[in-house]
Every structure is written in structure tokens, then in C-alpha cells.
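Everything on this sheet refers to the single structure shown next.
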Amino acid sequence: AIRAAGDPAQFADVETWAAALMLAGLDNTDADPGNGIDRALVKAMPGLPRAELEGTQNQLSIFDHLPEADQRVMLNSALREDSGDASLQQLATAWRKGDLDTIARETRTGMMADPVIRKALYSDRNAAWNARIEAMLRAGKRPFVAVGTAHLAGPDGLPSILAAQGWQVTRLQ
């Protein structure tokens, strides 16, 4: 099904990747960014020191540096409402159960099936975050790391990368 995109004028002066993100956001009109897991963790543990693994500017630059052909894959995926096979409810259930196989499969569906997009948005980011996390660990720190669920799954997920480097990774329930 093709998504109703609203007023075309709102897309006139934005890059392809930004239009894709805007369209993807149409499904989340009820979502309040203040209710994200990161905000909940900060509220629950206000005294913990915090550091970003990736700031907003870095995150947006990843999209901006994607080749135009891959930005169009993102846009077409957003227009088709093709974010992936699993519903948000299925992913939430998989997360609660610790079903990383289901979550890992999802990192290869929808626009993430495109190898360039997957590498830029998933594998490369995990590798960069791993370098920062490992530096903290080598400095004797024991960071509590909160990332999106997909970044925990598969052979190029953060736990697998860290475990391959000899670190013990334990899932907390």
C-alpha cells in the first residue's frame, strides 16, 4: 500500500533522506519523544553520569552521506510503509523475551535489507559505539549502555562484538 503523504509542499525543500524520515514519522504521531527509553532511564537514575555514543548531528550526517540511490530506497520504503516484517508489538515481545534471533532478522528487512543502508545505520554505528564502549572498559569503567533493541542482536550487534573481543556481556532482565 502506498502511504498518503499529506501536503507535498512540506517536502519541496528537503533532501530525500529527510523526506523519508518525515514520512516514517507520520506513523508515530502519538509518540512523544519525551517518553523514550533514554529519558525514562535518566529519570529513573538521575545521578548516573551520562555520555552520548552518538549525537544528533552525527546521526543525521549518516543519512546525509548515504548515496542518493540508497536515500531513494529509504523514501520508497517509507512510501510503501515498508519498515520491516515484524510489527512493533512483535518486536516488543521479542525484546521482553530476549529473543535476539527475531530482532536480528528484523535488522535485515524493509529498507535495512539494502546492504549500504544496513551498513551505515547498523553495522558501522555498532562498530563506532563499540570503540567508545571498549575504551571506557579498558579505562576501568563499567558503563551502563542503553541503545535501540536492534543494536543488541546478531553477529554485528554490540554484545557479539564485545564478546568477540573477550568482554563478558550479560543480559539483565
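In the C-alpha cells, chains take the letters A, B, ... in the order shown, each chain's residues start at 1, and ligands count up from 1 in the order shown.
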Got a sec: who's within 10 Å of A:Glu68, counting only C-alpha atoms, leaving out chain neighbours fewer than 4 positions off, as a list in words?
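In the requested format, the answer is Glu15, Thr16, Trp17, Phe63, Asp64, Arg72, Val73 and Met74 of chain A.
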Take the residues from that selection and write them out as a PDB file, in the first residue's frame, keeping N, CA and C atoms.
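Output file part.pdb is given in full below:
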ATOM      1  N   GLU A  15      15.955  17.190   1.588  1.00  0.00           N
ATOM      2  CA  GLU A  15      16.667  16.134   0.892  1.00  0.00           C
ATOM      3  C   GLU A  15      15.867  14.833   0.974  1.00  0.00           C
ATOM      4  N   THR A  16      16.221  13.900   0.118  1.00  0.00           N
ATOM      5  CA  THR A  16      15.483  12.649   0.014  1.00  0.00           C
ATOM      6  C   THR A  16      15.427  11.923   1.353  1.00  0.00           C
ATOM      7  N   TRP A  17      16.572  11.832   2.053  1.00  0.00           N
ATOM      8  CA  TRP A  17      16.603  11.119   3.333  1.00  0.00           C
ATOM      9  C   TRP A  17      15.688  11.781   4.357  1.00  0.00           C
ATOM     10  N   PHE A  63      22.712   9.799   7.480  1.00  0.00           N
ATOM     11  CA  PHE A  63      21.698   9.827   6.436  1.00  0.00           C
ATOM     12  C   PHE A  63      22.144  10.713   5.281  1.00  0.00           C
ATOM     13  N   ASP A  64      22.716  11.862   5.616  1.00  0.00           N
ATOM     14  CA  ASP A  64      23.121  12.832   4.607  1.00  0.00           C
ATOM     15  C   ASP A  64      24.231  12.293   3.706  1.00  0.00           C
ATOM     16  N   ARG A  72      16.856   7.014  -1.833  1.00  0.00           N
ATOM     17  CA  ARG A  72      15.598   6.727  -2.537  1.00  0.00           C
ATOM     18  C   ARG A  72      15.013   5.385  -2.092  1.00  0.00           C
ATOM     19  N   VAL A  73      15.879   4.430  -1.752  1.00  0.00           N
ATOM     20  CA  VAL A  73      15.387   3.173  -1.182  1.00  0.00           C
ATOM     21  C   VAL A  73      14.648   3.465   0.117  1.00  0.00           C
ATOM     22  N   MET A  74      15.237   4.329   0.957  1.00  0.00           N
ATOM     23  CA  MET A  74      14.580   4.716   2.205  1.00  0.00           C
ATOM     24  C   MET A  74      13.234   5.381   1.926  1.00  0.00           C
TER      25      MET A  74
END
Shell of 12 Å around stretch 108-120 of chain A, only C-alpha atoms, local chain residues under 4 positions omitted, as a ChimeraX atom specification:
/A:17,20-21,24,58-87,101-104,124-128,150-151,153-154,156-157
Using DSSP assignments from the backbone, pull out every residue in stretch 35-126 of chain A that falls under helix (DSSP H, G or I) and give it to me as a ChimeraX atom specification.
/A:35,37-44,56-64,68-79,88-97,100-106,110-113,115-126
Would you pick out the contacts of A:Asn130 at 12 Å or less, using only C-alpha atoms, so that residues sharing its chain but fewer than 2 positions from it are not included, and give the list as JSON, numbers by chain?
{"A": [53, 54, 122, 123, 124, 125, 126, 127, 128, 132, 133, 134, 135, 136, 137, 138, 143, 145, 147, 151, 152, 156, 157, 158, 159, 160, 161, 162, 163, 164, 165, 167]}
Please determine, counting only C-alpha atoms, which residue among A:Gln168, A:Phe144, A:Leu23, A:Trp95 has the shortest atom-to-atom distance to A:Leu41.
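Selected residue with least distance to A:Leu41: A:Phe144.
Note that the spacing between atom CA of A:Gly148 and atom CA of A:Ala18 amounts to 20.4 Å.
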For atom CA of A:Lys141 and atom CA of A:Pro49, the interatomic separation in Å (one decimal)
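Result for atom CA of A:Lys141 versus atom CA of A:Pro49: 11.3 Å, one decimal.
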Pick from A:Pro46, A:Ala12, A:Thr149, A:Gly166, whichever lies nearest to A:Gly98 using only C-alpha atoms
A:Thr149
Considering only C-alpha atoms, can you say which of A:Ala92, A:Ala139, A:Pro155, A:Met22 comes closest to A:Thr107?
A:Pro155
